[in-house]
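Enquirer: My structure is stored as protein.txt, with compact mmCIF, C-alpha atoms.
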```
# COMPACT_ATOMS: atom_id res chain seq x y z
CA MET C 1 -228.07 -154.02 -42.85
CA ALA C 2 -228.01 -153.30 -46.53
CA ARG C 3 -224.60 -152.88 -48.05
CA GLY C 4 -223.87 -150.54 -50.90
CA ARG C 5 -224.78 -147.15 -52.25
CA PRO C 6 -226.99 -146.05 -55.13
CA GLY C 7 -225.57 -147.64 -58.24
CA GLN C 8 -223.99 -150.52 -56.32
CA SER C 9 -225.48 -153.97 -55.82
CA LEU C 10 -226.59 -155.10 -52.41
CA ALA C 11 -224.90 -158.22 -51.05
CA PRO C 12 -227.12 -161.30 -50.87
CA LEU C 13 -228.46 -162.49 -47.55
CA PRO C 14 -225.88 -164.46 -45.58
CA GLU C 15 -226.70 -168.11 -45.19
CA ASN C 16 -226.82 -167.87 -41.39
CA GLY C 17 -228.09 -164.34 -40.95
CA GLY C 18 -229.56 -161.26 -42.57
CA SER C 19 -233.06 -162.64 -42.21
CA ALA C 20 -235.82 -160.84 -44.06
CA GLY C 21 -238.42 -159.13 -41.91
CA VAL C 22 -242.18 -159.51 -41.77
CA ASP C 23 -242.55 -158.29 -45.37
CA GLN C 24 -240.38 -161.24 -46.52
CA VAL C 25 -238.37 -158.89 -48.77
CA GLY C 26 -234.74 -160.00 -49.08
CA PHE C 27 -231.71 -158.40 -50.70
CA ALA C 28 -232.24 -160.47 -53.85
CA ASP C 29 -235.77 -159.05 -54.21
CA ILE C 30 -234.45 -155.50 -53.90
CA GLU C 31 -231.77 -156.15 -56.50
CA ALA C 32 -234.32 -157.64 -58.87
CA ASP C 33 -236.55 -154.55 -58.61
CA GLY C 34 -233.64 -152.12 -58.90
CA VAL C 35 -231.54 -150.84 -56.01
CA GLU C 36 -231.51 -147.20 -57.10
CA ALA C 37 -235.29 -147.03 -57.46
CA TRP C 38 -235.76 -148.77 -54.09
CA LEU C 39 -233.42 -146.36 -52.31
CA GLY C 40 -234.98 -143.41 -54.12
CA ASN C 41 -238.47 -144.32 -52.94
CA LEU C 42 -237.24 -144.72 -49.38
CA GLN C 43 -235.50 -141.37 -49.54
CA GLU C 44 -238.69 -139.69 -50.74
CA GLU C 45 -240.64 -141.22 -47.84
CA LEU C 46 -238.18 -139.75 -45.40
CA LYS C 47 -238.15 -136.33 -47.03
CA ALA C 48 -241.95 -136.19 -47.09
CA LYS C 49 -242.07 -137.32 -43.44
CA GLN C 50 -244.20 -140.28 -44.49
CA TYR C 51 -241.82 -142.98 -43.29
CA ARG C 52 -243.35 -145.46 -40.86
CA PRO C 53 -241.48 -148.55 -39.61
CA ARG C 54 -242.95 -151.99 -40.18
CA PRO C 55 -243.56 -154.45 -37.33
CA LEU C 56 -240.61 -156.44 -36.03
CA LEU C 57 -240.30 -160.14 -36.69
CA ARG C 58 -239.66 -162.00 -33.44
CA VAL C 59 -237.26 -164.91 -33.58
CA TRP C 60 -235.74 -166.87 -30.72
CA ILE C 61 -232.09 -167.78 -30.35
CA PRO C 62 -230.45 -169.94 -27.66
CA LYS C 63 -228.71 -168.16 -24.78
CA ALA C 64 -225.25 -169.21 -23.63
CA SER C 65 -226.59 -169.66 -20.09
CA GLY C 66 -229.57 -171.73 -21.24
CA GLY C 67 -233.05 -170.84 -22.41
CA GLN C 68 -233.85 -168.57 -25.34
CA ARG C 69 -233.54 -164.88 -26.07
CA PRO C 70 -235.95 -162.92 -28.28
CA LEU C 71 -234.68 -160.93 -31.25
CA GLY C 72 -236.79 -158.30 -32.98
CA ILE C 73 -235.78 -158.35 -36.65
CA PRO C 74 -236.69 -155.19 -38.62
CA THR C 75 -237.35 -155.29 -42.33
CA ILE C 76 -234.40 -154.51 -44.58
CA ARG C 77 -236.06 -151.19 -45.34
CA ASP C 78 -236.05 -150.25 -41.66
CA ARG C 79 -232.53 -151.59 -41.17
CA VAL C 80 -231.27 -149.29 -43.92
CA VAL C 81 -232.86 -146.25 -42.26
CA GLN C 82 -231.51 -147.28 -38.86
CA ALA C 83 -228.03 -147.74 -40.30
CA ALA C 84 -228.18 -144.28 -41.87
CA MET C 85 -229.33 -142.86 -38.54
CA VAL C 86 -226.42 -144.49 -36.71
CA LEU C 87 -223.96 -143.05 -39.24
CA VAL C 88 -225.32 -139.57 -38.48
CA ILE C 89 -225.86 -139.62 -34.70
CA GLY C 90 -223.38 -142.33 -33.70
CA PRO C 91 -220.32 -140.02 -33.69
CA VAL C 92 -222.29 -137.45 -31.69
CA PHE C 93 -222.86 -139.90 -28.86
CA GLU C 94 -219.51 -141.65 -29.17
CA ALA C 95 -217.92 -138.58 -27.61
CA ASP C 96 -220.20 -139.03 -24.57
CA LEU C 97 -219.67 -142.74 -23.97
CA LEU C 98 -217.37 -143.61 -21.10
CA PRO C 99 -214.05 -145.51 -20.94
CA GLU C 100 -215.76 -148.30 -19.00
CA GLN C 101 -217.95 -149.13 -22.02
CA TYR C 102 -216.43 -151.48 -24.60
CA GLY C 103 -219.41 -152.76 -26.60
CA PHE C 104 -220.16 -151.77 -30.21
CA ARG C 105 -217.61 -148.97 -30.30
CA PRO C 106 -214.82 -148.18 -32.78
CA LYS C 107 -211.41 -149.60 -31.85
CA LEU C 108 -212.88 -151.39 -28.81
CA ASP C 109 -213.98 -155.01 -28.48
CA ALA C 110 -214.75 -157.80 -26.03
CA LYS C 111 -211.13 -158.94 -25.77
CA LEU C 112 -210.09 -155.47 -24.60
CA ALA C 113 -212.84 -155.60 -21.98
CA VAL C 114 -211.50 -158.93 -20.73
CA ARG C 115 -207.99 -157.47 -20.58
CA ARG C 116 -209.26 -154.53 -18.54
CA VAL C 117 -210.87 -156.89 -16.05
CA HIS C 118 -207.64 -158.85 -15.83
CA TYR C 119 -205.75 -155.61 -15.19
CA HIS C 120 -208.09 -154.61 -12.36
CA VAL C 121 -207.87 -157.95 -10.56
CA THR C 122 -204.11 -158.32 -10.94
CA GLN C 123 -202.34 -154.95 -11.20
CA ASN C 124 -204.86 -153.05 -9.09
CA GLY C 125 -205.55 -155.84 -6.60
CA ARG C 126 -209.32 -155.64 -6.89
CA ARG C 127 -210.09 -159.20 -5.80
CA ASP C 128 -213.79 -158.78 -4.92
CA VAL C 129 -215.75 -158.96 -8.18
CA ILE C 130 -219.48 -158.41 -8.70
CA ASP C 131 -220.38 -160.84 -11.47
CA ALA C 132 -223.62 -159.09 -12.42
CA ASP C 133 -226.53 -160.04 -14.63
CA LEU C 134 -229.56 -157.97 -15.63
CA THR C 135 -232.89 -159.52 -16.50
CA ASP C 136 -233.63 -158.92 -20.19
CA TYR C 137 -231.76 -155.61 -20.29
CA PHE C 138 -232.48 -154.63 -23.90
CA ASN C 139 -236.21 -155.30 -23.61
CA THR C 140 -236.68 -153.50 -20.29
CA ILE C 141 -234.98 -150.14 -20.92
CA PRO C 142 -237.65 -147.49 -20.11
CA HIS C 143 -238.46 -145.33 -23.12
CA GLY C 144 -238.93 -142.02 -21.28
CA PRO C 145 -235.50 -141.84 -19.62
CA LEU C 146 -233.87 -143.30 -22.73
CA MET C 147 -235.33 -140.58 -24.94
CA LYS C 148 -234.04 -137.97 -22.48
CA CYS C 149 -230.56 -139.41 -23.05
CA VAL C 150 -231.05 -138.99 -26.80
CA ALA C 151 -232.61 -135.52 -26.55
CA ARG C 152 -229.61 -134.22 -24.61
CA ARG C 153 -227.67 -134.20 -27.86
CA ILE C 154 -230.32 -134.37 -30.60
CA SER C 155 -232.85 -131.56 -30.98
CA ASP C 156 -234.20 -132.44 -34.44
CA ARG C 157 -237.83 -133.40 -33.87
CA GLN C 158 -238.04 -135.64 -36.92
CA ILE C 159 -235.08 -137.72 -35.75
CA LEU C 160 -236.54 -138.02 -32.26
CA SER C 161 -239.92 -138.98 -33.72
CA VAL C 162 -238.43 -141.72 -35.88
CA ILE C 163 -236.49 -143.18 -32.92
CA LYS C 164 -239.70 -143.22 -30.86
CA MET C 165 -241.48 -145.09 -33.65
CA TRP C 166 -238.75 -147.72 -33.69
CA LEU C 167 -239.00 -148.17 -29.93
CA ARG C 168 -242.79 -148.55 -30.09
CA ALA C 169 -242.92 -150.79 -33.16
CA PRO C 170 -245.24 -153.80 -32.76
CA VAL C 171 -243.86 -157.32 -32.84
CA THR C 172 -245.14 -160.12 -35.08
CA GLU C 173 -244.72 -163.78 -34.16
CA GLY C 174 -244.12 -165.25 -37.61
CA ARG C 175 -244.76 -164.10 -41.16
CA GLY C 176 -248.02 -163.81 -43.06
CA PRO C 177 -251.28 -161.88 -42.64
CA THR C 178 -252.59 -164.22 -39.93
CA ALA C 179 -249.48 -164.05 -37.70
CA PRO C 180 -250.28 -162.67 -34.23
CA THR C 181 -249.01 -159.14 -33.57
CA THR C 182 -248.49 -157.53 -30.18
CA ALA C 183 -247.90 -153.91 -29.17
CA GLU C 184 -246.09 -154.76 -25.96
CA ALA C 185 -243.45 -152.04 -26.32
CA ARG C 186 -246.09 -149.33 -26.78
CA ARG C 187 -248.07 -150.67 -23.82
CA THR C 188 -245.16 -151.07 -21.40
CA LYS C 189 -243.10 -148.17 -22.81
CA ARG C 190 -239.99 -150.28 -22.48
CA GLY C 191 -237.39 -151.96 -24.64
CA THR C 192 -235.06 -151.45 -27.57
CA PRO C 193 -235.25 -154.92 -29.10
CA GLN C 194 -232.08 -156.78 -29.98
CA GLY C 195 -231.86 -157.24 -33.71
CA GLY C 196 -232.20 -153.59 -34.67
CA VAL C 197 -229.18 -151.73 -36.02
CA ILE C 198 -229.73 -148.81 -33.64
CA SER C 199 -230.36 -150.89 -30.50
CA PRO C 200 -226.68 -151.28 -29.46
CA LEU C 201 -226.19 -147.50 -29.51
CA LEU C 202 -229.35 -146.89 -27.47
CA ALA C 203 -228.39 -149.62 -24.99
CA ASN C 204 -224.97 -148.01 -24.52
CA LEU C 205 -226.56 -144.62 -23.94
CA TYR C 206 -228.77 -145.96 -21.18
CA PHE C 207 -226.06 -147.98 -19.46
CA ARG C 208 -223.99 -144.80 -19.38
CA ARG C 209 -226.50 -143.50 -16.84
CA PHE C 210 -225.57 -146.31 -14.45
CA ILE C 211 -221.85 -145.48 -14.66
CA LEU C 212 -222.52 -141.76 -14.18
CA ALA C 213 -224.72 -142.49 -11.14
CA TRP C 214 -222.03 -144.82 -9.75
CA GLU C 215 -219.63 -141.88 -9.75
CA ALA C 216 -222.04 -139.08 -8.78
CA LEU C 217 -223.69 -140.84 -5.84
CA GLY C 218 -220.40 -141.75 -4.22
CA ALA C 219 -220.40 -145.50 -4.90
CA ALA C 220 -217.09 -145.33 -6.75
CA SER C 221 -215.30 -143.47 -3.95
CA GLU C 222 -216.80 -145.63 -1.18
CA THR C 223 -216.14 -149.01 -2.78
CA GLN C 224 -213.23 -148.18 -5.11
CA GLY C 225 -215.18 -150.31 -7.57
CA ALA C 226 -214.15 -150.26 -11.24
CA ILE C 227 -216.84 -151.08 -13.81
CA VAL C 228 -216.18 -152.91 -17.07
CA ASN C 229 -219.20 -153.02 -19.40
CA TYR C 230 -219.85 -154.72 -22.73
CA ALA C 231 -223.46 -154.38 -23.99
CA ASP C 232 -225.59 -155.90 -21.20
CA ASP C 233 -222.65 -157.70 -19.56
CA PHE C 234 -220.71 -156.01 -16.79
CA VAL C 235 -218.57 -156.66 -13.75
CA ILE C 236 -217.49 -154.43 -10.88
CA CYS C 237 -213.98 -155.06 -9.51
CA CYS C 238 -213.35 -153.90 -5.93
CA PRO C 239 -210.59 -154.17 -3.34
CA ALA C 240 -210.98 -157.13 -0.98
CA GLY C 241 -213.68 -156.54 1.60
CA ARG C 242 -215.64 -153.95 -0.37
CA GLY C 243 -217.65 -156.28 -2.58
CA GLU C 244 -220.74 -156.40 -0.39
CA ALA C 245 -221.01 -152.61 -0.28
CA ALA C 246 -220.61 -152.51 -4.07
CA MET C 247 -223.38 -155.08 -4.45
CA LYS C 248 -225.77 -152.90 -2.41
CA TRP C 249 -224.92 -149.82 -4.41
CA MET C 250 -225.35 -151.66 -7.71
CA ARG C 251 -228.81 -152.94 -6.74
CA ARG C 252 -229.91 -149.53 -5.51
CA ILE C 253 -228.89 -147.73 -8.69
CA MET C 254 -230.37 -150.35 -11.01
CA VAL C 255 -233.73 -150.07 -9.24
CA ALA C 256 -233.62 -146.29 -9.66
CA LEU C 257 -232.96 -146.77 -13.38
CA GLY C 258 -235.95 -149.08 -13.75
CA LEU C 259 -233.84 -152.16 -14.43
CA THR C 260 -233.98 -155.57 -12.76
CA VAL C 261 -231.00 -157.42 -11.32
CA ASN C 262 -231.14 -161.16 -11.96
CA GLU C 263 -230.50 -162.36 -8.43
CA ASN C 264 -230.13 -165.98 -9.51
CA LYS C 265 -227.11 -165.17 -11.68
CA THR C 266 -225.60 -162.19 -9.85
CA ARG C 267 -222.98 -163.04 -7.26
CA LEU C 268 -219.99 -161.76 -5.34
CA VAL C 269 -216.80 -163.58 -6.38
CA ARG C 270 -213.75 -163.49 -4.15
CA LEU C 271 -210.50 -164.14 -6.00
CA PRO C 272 -208.34 -166.17 -6.05
CA GLY C 273 -210.47 -168.79 -4.28
CA GLU C 274 -213.32 -168.48 -6.79
CA ARG C 275 -213.69 -167.96 -10.52
CA PHE C 276 -216.16 -166.17 -12.77
CA ASP C 277 -216.94 -166.05 -16.49
CA PHE C 278 -216.96 -162.85 -18.51
CA LEU C 279 -217.48 -162.59 -22.28
CA GLY C 280 -216.59 -166.23 -22.85
CA TYR C 281 -213.47 -166.22 -20.68
CA THR C 282 -213.02 -167.70 -17.22
CA VAL C 283 -211.15 -165.39 -14.86
CA GLY C 284 -209.52 -166.94 -11.81
CA ARG C 285 -206.65 -168.98 -10.48
CA PHE C 286 -204.57 -171.07 -12.88
CA TYR C 287 -201.33 -173.00 -12.56
CA GLY C 288 -198.26 -172.67 -14.72
CA LYS C 289 -195.99 -175.47 -15.89
CA ASP C 290 -193.81 -174.87 -12.85
CA GLY C 291 -196.79 -175.47 -10.56
CA ARG C 292 -197.04 -171.86 -9.43
CA SER C 293 -200.50 -170.30 -9.25
CA TYR C 294 -201.51 -167.02 -10.85
CA ILE C 295 -204.70 -165.14 -11.69
CA GLY C 296 -205.37 -165.30 -15.41
CA THR C 297 -207.95 -165.85 -18.13
CA ALA C 298 -208.78 -168.87 -20.28
CA PRO C 299 -211.65 -169.97 -22.55
CA SER C 300 -214.61 -170.97 -20.39
CA LYS C 301 -216.15 -174.44 -20.43
CA ARG C 302 -219.28 -172.99 -22.01
CA ALA C 303 -217.23 -171.37 -24.77
CA VAL C 304 -215.62 -174.73 -25.56
CA GLN C 305 -219.00 -176.46 -25.47
CA ARG C 306 -220.54 -173.88 -27.81
CA VAL C 307 -217.89 -174.25 -30.48
CA CYS C 308 -218.07 -178.05 -30.22
CA ARG C 309 -221.82 -177.84 -30.64
CA LYS C 310 -221.31 -175.84 -33.85
CA ILE C 311 -218.86 -178.45 -35.14
CA TYR C 312 -221.37 -181.16 -34.29
CA GLU C 313 -224.07 -179.39 -36.31
CA GLU C 314 -221.78 -179.00 -39.32
CA THR C 315 -220.82 -182.69 -39.26
CA SER C 316 -224.23 -184.20 -38.68
CA ARG C 317 -225.63 -187.02 -40.82
CA ARG C 318 -227.94 -184.65 -42.71
CA TRP C 319 -224.94 -183.18 -44.57
CA THR C 320 -223.57 -186.43 -45.97
CA ALA C 321 -224.90 -185.58 -49.43
CA THR C 322 -222.56 -182.57 -49.59
CA SER C 323 -218.88 -182.72 -50.43
CA ILE C 324 -216.09 -182.83 -47.86
CA GLU C 325 -214.71 -179.63 -49.39
CA ARG C 326 -217.95 -177.86 -48.53
CA ARG C 327 -217.90 -179.25 -44.98
CA VAL C 328 -214.34 -178.05 -44.44
CA ALA C 329 -215.26 -174.67 -45.90
CA LYS C 330 -218.00 -174.45 -43.24
CA ILE C 331 -215.89 -175.71 -40.34
CA ASN C 332 -212.70 -173.71 -40.93
CA PRO C 333 -214.21 -170.22 -40.38
CA ILE C 334 -215.81 -171.44 -37.15
CA LEU C 335 -212.51 -172.71 -35.80
CA ARG C 336 -210.49 -169.77 -37.08
CA GLY C 337 -212.87 -167.20 -35.62
CA TRP C 338 -213.02 -169.02 -32.29
CA CYS C 339 -209.23 -169.22 -32.03
CA ASN C 340 -208.80 -165.58 -33.05
CA TYR C 341 -211.04 -164.55 -30.16
CA PHE C 342 -209.74 -167.02 -27.59
CA GLU C 343 -206.05 -166.24 -27.83
CA GLN C 344 -205.45 -164.73 -24.38
CA GLY C 345 -204.05 -166.63 -21.42
CA PRO C 346 -203.51 -170.41 -21.16
CA VAL C 347 -205.44 -171.58 -24.22
CA GLU C 348 -203.61 -174.77 -25.19
CA ARG C 349 -205.79 -177.08 -23.10
CA ALA C 350 -208.99 -175.70 -24.62
CA TYR C 351 -207.44 -175.86 -28.09
CA ARG C 352 -206.59 -179.54 -27.59
CA VAL C 353 -210.18 -180.32 -26.60
CA VAL C 354 -211.61 -178.51 -29.63
CA ARG C 355 -208.99 -180.01 -31.97
CA ALA C 356 -209.59 -183.57 -30.80
CA TYR C 357 -213.36 -183.17 -30.98
CA THR C 358 -213.22 -181.72 -34.49
CA GLU C 359 -210.95 -184.54 -35.69
CA ARG C 360 -213.31 -187.20 -34.35
CA ARG C 361 -216.38 -185.55 -35.81
CA VAL C 362 -214.84 -185.13 -39.29
CA GLN C 363 -213.54 -188.71 -39.28
CA ARG C 364 -216.97 -190.03 -38.29
CA TRP C 365 -218.66 -187.85 -40.90
CA LEU C 366 -216.39 -189.27 -43.60
CA MET C 367 -217.26 -192.80 -42.44
CA MET C 368 -220.98 -192.01 -42.59
CA LYS C 369 -220.58 -190.61 -46.08
CA HIS C 370 -218.35 -193.27 -47.62
CA HIS C 371 -218.67 -196.37 -45.42
CA LYS C 372 -222.25 -196.22 -44.13
CA GLY C 373 -221.07 -195.24 -40.67
CA ARG C 374 -219.08 -198.38 -39.90
CA GLY C 375 -216.06 -197.58 -37.70
CA THR C 376 -214.58 -194.40 -36.29
CA GLY C 377 -212.45 -193.47 -39.31
CA TYR C 378 -209.28 -193.25 -37.23
CA ARG C 379 -207.32 -195.52 -39.57
CA GLN C 380 -209.08 -194.72 -42.83
CA TYR C 381 -208.74 -190.95 -42.34
CA PRO C 382 -205.73 -190.20 -40.09
CA LYS C 383 -204.96 -186.71 -38.82
CA GLU C 384 -202.42 -186.12 -41.56
CA HIS C 385 -205.15 -186.63 -44.15
CA LEU C 386 -207.42 -184.15 -42.39
CA TYR C 387 -204.85 -181.39 -42.20
CA GLU C 388 -202.61 -181.95 -45.21
CA THR C 389 -205.08 -183.25 -47.80
CA LEU C 390 -208.39 -181.71 -46.69
CA CYS C 391 -206.75 -178.54 -45.32
CA LEU C 392 -208.78 -178.62 -42.11
CA TYR C 393 -207.91 -175.68 -39.85
CA ARG C 394 -205.84 -176.80 -36.87
CA PRO C 395 -206.52 -174.98 -33.56
```
Show me the file's structure as structure tokens.
Expert:
Amino acid sequence: MARGRPGQSLAPLPENGGSAGVDQVGFADIEADGVEAWLGNLQEELKAKQYRPRPLLRVWIPKASGGQRPLGIPTIRDRVVQAAMVLVIGPVFEADLLPEQYGFRPKLDAKLAVRRVHYHVTQNGRRDVIDADLTDYFNTIPHGPLMKCVARRISDRQILSVIKMWLRAPVTEGRGPTAPTTAEARRTKRGTPQGGVISPLLANLYFRRFILAWEALGAASETQGAIVNYADDFVICCPAGRGEAAMKWMRRIMVALGLTVNENKTRLVRLPGERFDFLGYTVGRFYGKDGRSYIGTAPSKRAVQRVCRKIYEETSRRWTATSIERRVAKINPILRGWCNYFEQGPVERAYRVVRAYTERRVQRWLMMKHHKGRGTGYRQYPKEHLYETLCLYRP
């Protein structure tokens, strides 16, 4: 999203994000042409009702569970309009969103969602947990029912028309005039593609329908199931013995909403004998230093593997031409951000794994750079050198 107001400069594109759309116009291009003039022209388009969104640029990113997930990247022009729209209508819908929803909301985050799950399975004794997964949630939300959710609060026809255009925008596979373009969203009348600024709000609005149906149809009273939702991730925590009934209710309601349950990844977990992962944390039985068991949360194996994979990429041979200061400047935010998120529960074991892996990778990188890769670097670059001289962040 563009940052700044008329008269202020827009921030440059981040090195790992902020990709330009199909028009290949980046923040630097807008600054070169004049931010005020660019914003003024866009404002005039909107006032004259001549605004039309450009096609989305499809890119693929790896999923935590394997495979790839499509992102639909709007142009910066469209991102600015979407951001302005969210500023206007976001507070209107925020009042409607439910306490069970934690994603993309002010003063709420994923860690609070994990804490709520932990509360349900410990303080409330809800030991049957539906570890649910929806197939391609963002790209399968039906447009008709979604627009009804929006129209409940928004009556302005121009706003509704613009949102419809975003939902129906074609998708281009690659940049350039010869890149193939598809109108799948217009044909199927489904999807609010991930990558758009407004998509998280629309996804929250539609998932709200599931929670309302869960209450209205009697599923909540029959199963005593408590929902915790973050974007397209959710679990349902139930008292022991009621998980199977909750699973049936969940499937039934999702079908009615036009969504598809991923049966290969959806399962009933019975604590404390089993564990499940939610938002990067593993929830299940752990053992304290005294040997006593308890139900808690800790960084999942996949979360540890993901951060190690990032460290591996930042210490690969292709970066040996850069300085160690630049490598450390890349690595430290990764480690610091990971540790800031994974700070709940017994984290020391995961920290030790990440710390040891990072030390080995940095030592080997230094050997590749200065000694043509001979040796591990354990003696040449001891831990004290990494932390005291290079100022490497220590998990």
Enquirer: Of the candidates C:Ala132, C:Ala246, C:Val114, C:Leu205, which one gets nearest to Pro145 in chain C if we count all atoms listed in the file?
Expert: C:Leu205
Enquirer: Residues at most 9 Å from range 308-318 of chain C, counting all atoms listed in the file, excluding those fewer than 5 positions away in the same chain, as a PyMOL selection string?
Expert: chain C and resi 303+327+330-331+334-335+353-354+357-358+361-362+364-365+368-369
Enquirer: Residues of range 81-180 of chain C that have any atom at most 7 Å from an atom of range 265-286 of chain C: could you tabulate them with the shortest-distance atom pair and the distance in Å to one decimal, using all atoms listed in the file, ordered by chain and increasing number, as a tab-separated table?
Expert:
```
residue	atom	partner	partner_atom	distance
C:Ala110	CA	C:Leu279	CA	6.7
C:Arg127	CA	C:Leu271	CA	5.0
C:Asp128	CA	C:Arg270	CA	4.8
C:Val129	CA	C:Val269	CA	5.1
C:Ile130	CA	C:Leu268	CA	4.8
C:Asp131	CA	C:Arg267	CA	5.4
C:Ala132	CA	C:Thr266	CA	4.5
C:Asp133	CA	C:Thr266	CA	5.3
```
Enquirer: One decimal, Å: what's the distance from CA of Arg374 in chain C over to CA of Glu388 in chain C, could you say?
Expert: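 According to the coordinates, CA of Arg374 in chain C and CA of Glu388 in chain C are separated by 23.9 Å.
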Enquirer: Can you list, as a list in words, every protein, DNA or RNA residue that comes within 10 Å of Gly90 in chain C when you count all atoms listed in the file, leaving out same-chain residues fewer than 4 positions away?
Expert: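 The neighbour list is Ala83, Ala84, Met85, Val86, Glu94, Ala95, Arg105, Ile198, Leu201 and Leu202 of chain C.
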Enquirer: Given only C-alpha atoms as the basis, pick out the residue of C:Pro239, C:Pro346, C:Gly218, C:Pro333 nearest to Arg126 in chain C.
Expert: C:Pro239
Enquirer: Rank nothing, just name the residue among C:Ala213, C:Ala219, C:Leu56, C:Ala298 nearest to Cys238 in chain C, using only C-alpha atoms.
Expert: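 So, comparing all the options, the nearest one is C:Ala219.
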Enquirer: So what do you get for CA of Leu167 in chain C versus CA of Ser199 in chain C, distance-wise?
Expert: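 Going from CA of Leu167 in chain C over to CA of Ser199 in chain C, I get 9.1 Å.
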Enquirer: For CA of Pro70 in chain C and CA of Asn340 in chain C, determine how far apart the two atoms are, in Å to one decimal place.
Expert: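 Between these atoms lies a distance of 27.7 Å.
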Enquirer: Of the candidates C:Gln101, C:Asn41, C:Asn264, C:Thr188, which one gets nearest to Tyr230 in chain C if we count all atoms listed in the file?
Expert: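 The answer is C:Gln101, which sits nearest to Tyr230 in chain C.
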Enquirer: May I ask which of the residues C:Pro91, C:Leu97, C:Phe27, C:Leu112 is the closest one to Leu212 in chain C, counting all atoms listed in the file?
Expert: C:Leu97
Enquirer: When you count all atoms listed in the file, which of these residues is closest to Val171 in chain C: C:Glu184, C:Glu384, C:Asp23, C:Glu215?
Expert: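 Closest candidate: C:Glu184.
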Enquirer: Each side padded by 5 Å, which centre and which edge lengths in Å (one decimal) define the axis-aligned box around the listed atoms of range 225-238 of chain C? Give them as JSON.
Expert:
```
{"center_x": -219.5, "center_y": -154.0, "center_z": -15.0, "size_x": 22.2, "size_y": 17.4, "size_z": 28.1}
```
Enquirer: Residues at most 9 Å from Gly174 in chain C, counting only C-alpha atoms, excluding those fewer than 5 positions away in the same chain, as an MDAnalysis selection string?
Expert: chainID C and resid 22 57:59 179:181
Enquirer: Give me, as a ChimeraX atom specification, all polymer residues having an atom no more than 10 Å from Ala231 in chain C, counting all atoms listed in the file and skipping those fewer than 5 positions away in the same chain.
Expert: /C:101-104,110,137-138,200-201,203-204,207
Enquirer: List every protein, DNA or RNA residue that has an atom no more than 12 Å from (-247.6, -152.3, -22.1) in the file's coordinate frame, counting all atoms listed in the file, and report them as a ChimeraX atom specification.
Expert: /C:139-140,142-143,168,170,182-191
Enquirer: Complete the atom set of range 78-89 of chain C to N, CA and C atoms and return it as a PDB file, in the frame of the given file.
Expert:
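out-v8.pdb written:
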```pdb
ATOM      1  N   ASP C  78    -236.252-150.942 -42.935  1.00  0.00           N
ATOM      2  CA  ASP C  78    -236.050-150.250 -41.660  1.00  0.00           C
ATOM      3  C   ASP C  78    -234.603-150.348 -41.200  1.00  0.00           C
ATOM      4  N   ARG C  79    -233.941-151.463 -41.540  1.00  0.00           N
ATOM      5  CA  ARG C  79    -232.530-151.590 -41.170  1.00  0.00           C
ATOM      6  C   ARG C  79    -231.670-150.558 -41.903  1.00  0.00           C
ATOM      7  N   VAL C  80    -232.014-150.290 -43.156  1.00  0.00           N
ATOM      8  CA  VAL C  80    -231.270-149.290 -43.920  1.00  0.00           C
ATOM      9  C   VAL C  80    -231.420-147.916 -43.284  1.00  0.00           C
ATOM     10  N   VAL C  81    -232.632-147.558 -42.889  1.00  0.00           N
ATOM     11  CA  VAL C  81    -232.860-146.250 -42.260  1.00  0.00           C
ATOM     12  C   VAL C  81    -232.146-146.186 -40.920  1.00  0.00           C
ATOM     13  N   GLN C  82    -232.204-147.273 -40.149  1.00  0.00           N
ATOM     14  CA  GLN C  82    -231.510-147.280 -38.860  1.00  0.00           C
ATOM     15  C   GLN C  82    -230.005-147.137 -39.046  1.00  0.00           C
ATOM     16  N   ALA C  83    -229.466-147.835 -40.043  1.00  0.00           N
ATOM     17  CA  ALA C  83    -228.030-147.740 -40.300  1.00  0.00           C
ATOM     18  C   ALA C  83    -227.635-146.313 -40.679  1.00  0.00           C
ATOM     19  N   ALA C  84    -228.463-145.673 -41.501  1.00  0.00           N
ATOM     20  CA  ALA C  84    -228.180-144.280 -41.870  1.00  0.00           C
ATOM     21  C   ALA C  84    -228.248-143.378 -40.644  1.00  0.00           C
ATOM     22  N   MET C  85    -229.208-143.658 -39.761  1.00  0.00           N
ATOM     23  CA  MET C  85    -229.330-142.860 -38.540  1.00  0.00           C
ATOM     24  C   MET C  85    -228.093-143.015 -37.663  1.00  0.00           C
ATOM     25  N   VAL C  86    -227.608-144.244 -37.530  1.00  0.00           N
ATOM     26  CA  VAL C  86    -226.420-144.490 -36.710  1.00  0.00           C
ATOM     27  C   VAL C  86    -225.202-143.767 -37.284  1.00  0.00           C
ATOM     28  N   LEU C  87    -225.082-143.756 -38.610  1.00  0.00           N
ATOM     29  CA  LEU C  87    -223.960-143.050 -39.240  1.00  0.00           C
ATOM     30  C   LEU C  87    -223.980-141.565 -38.901  1.00  0.00           C
ATOM     31  N   VAL C  88    -225.191-141.007 -38.748  1.00  0.00           N
ATOM     32  CA  VAL C  88    -225.320-139.570 -38.480  1.00  0.00           C
ATOM     33  C   VAL C  88    -225.143-139.267 -36.998  1.00  0.00           C
ATOM     34  N   ILE C  89    -225.867-139.986 -36.124  1.00  0.00           N
ATOM     35  CA  ILE C  89    -225.860-139.620 -34.700  1.00  0.00           C
ATOM     36  C   ILE C  89    -224.843-140.404 -33.886  1.00  0.00           C
TER      37      ILE C  89
END
```
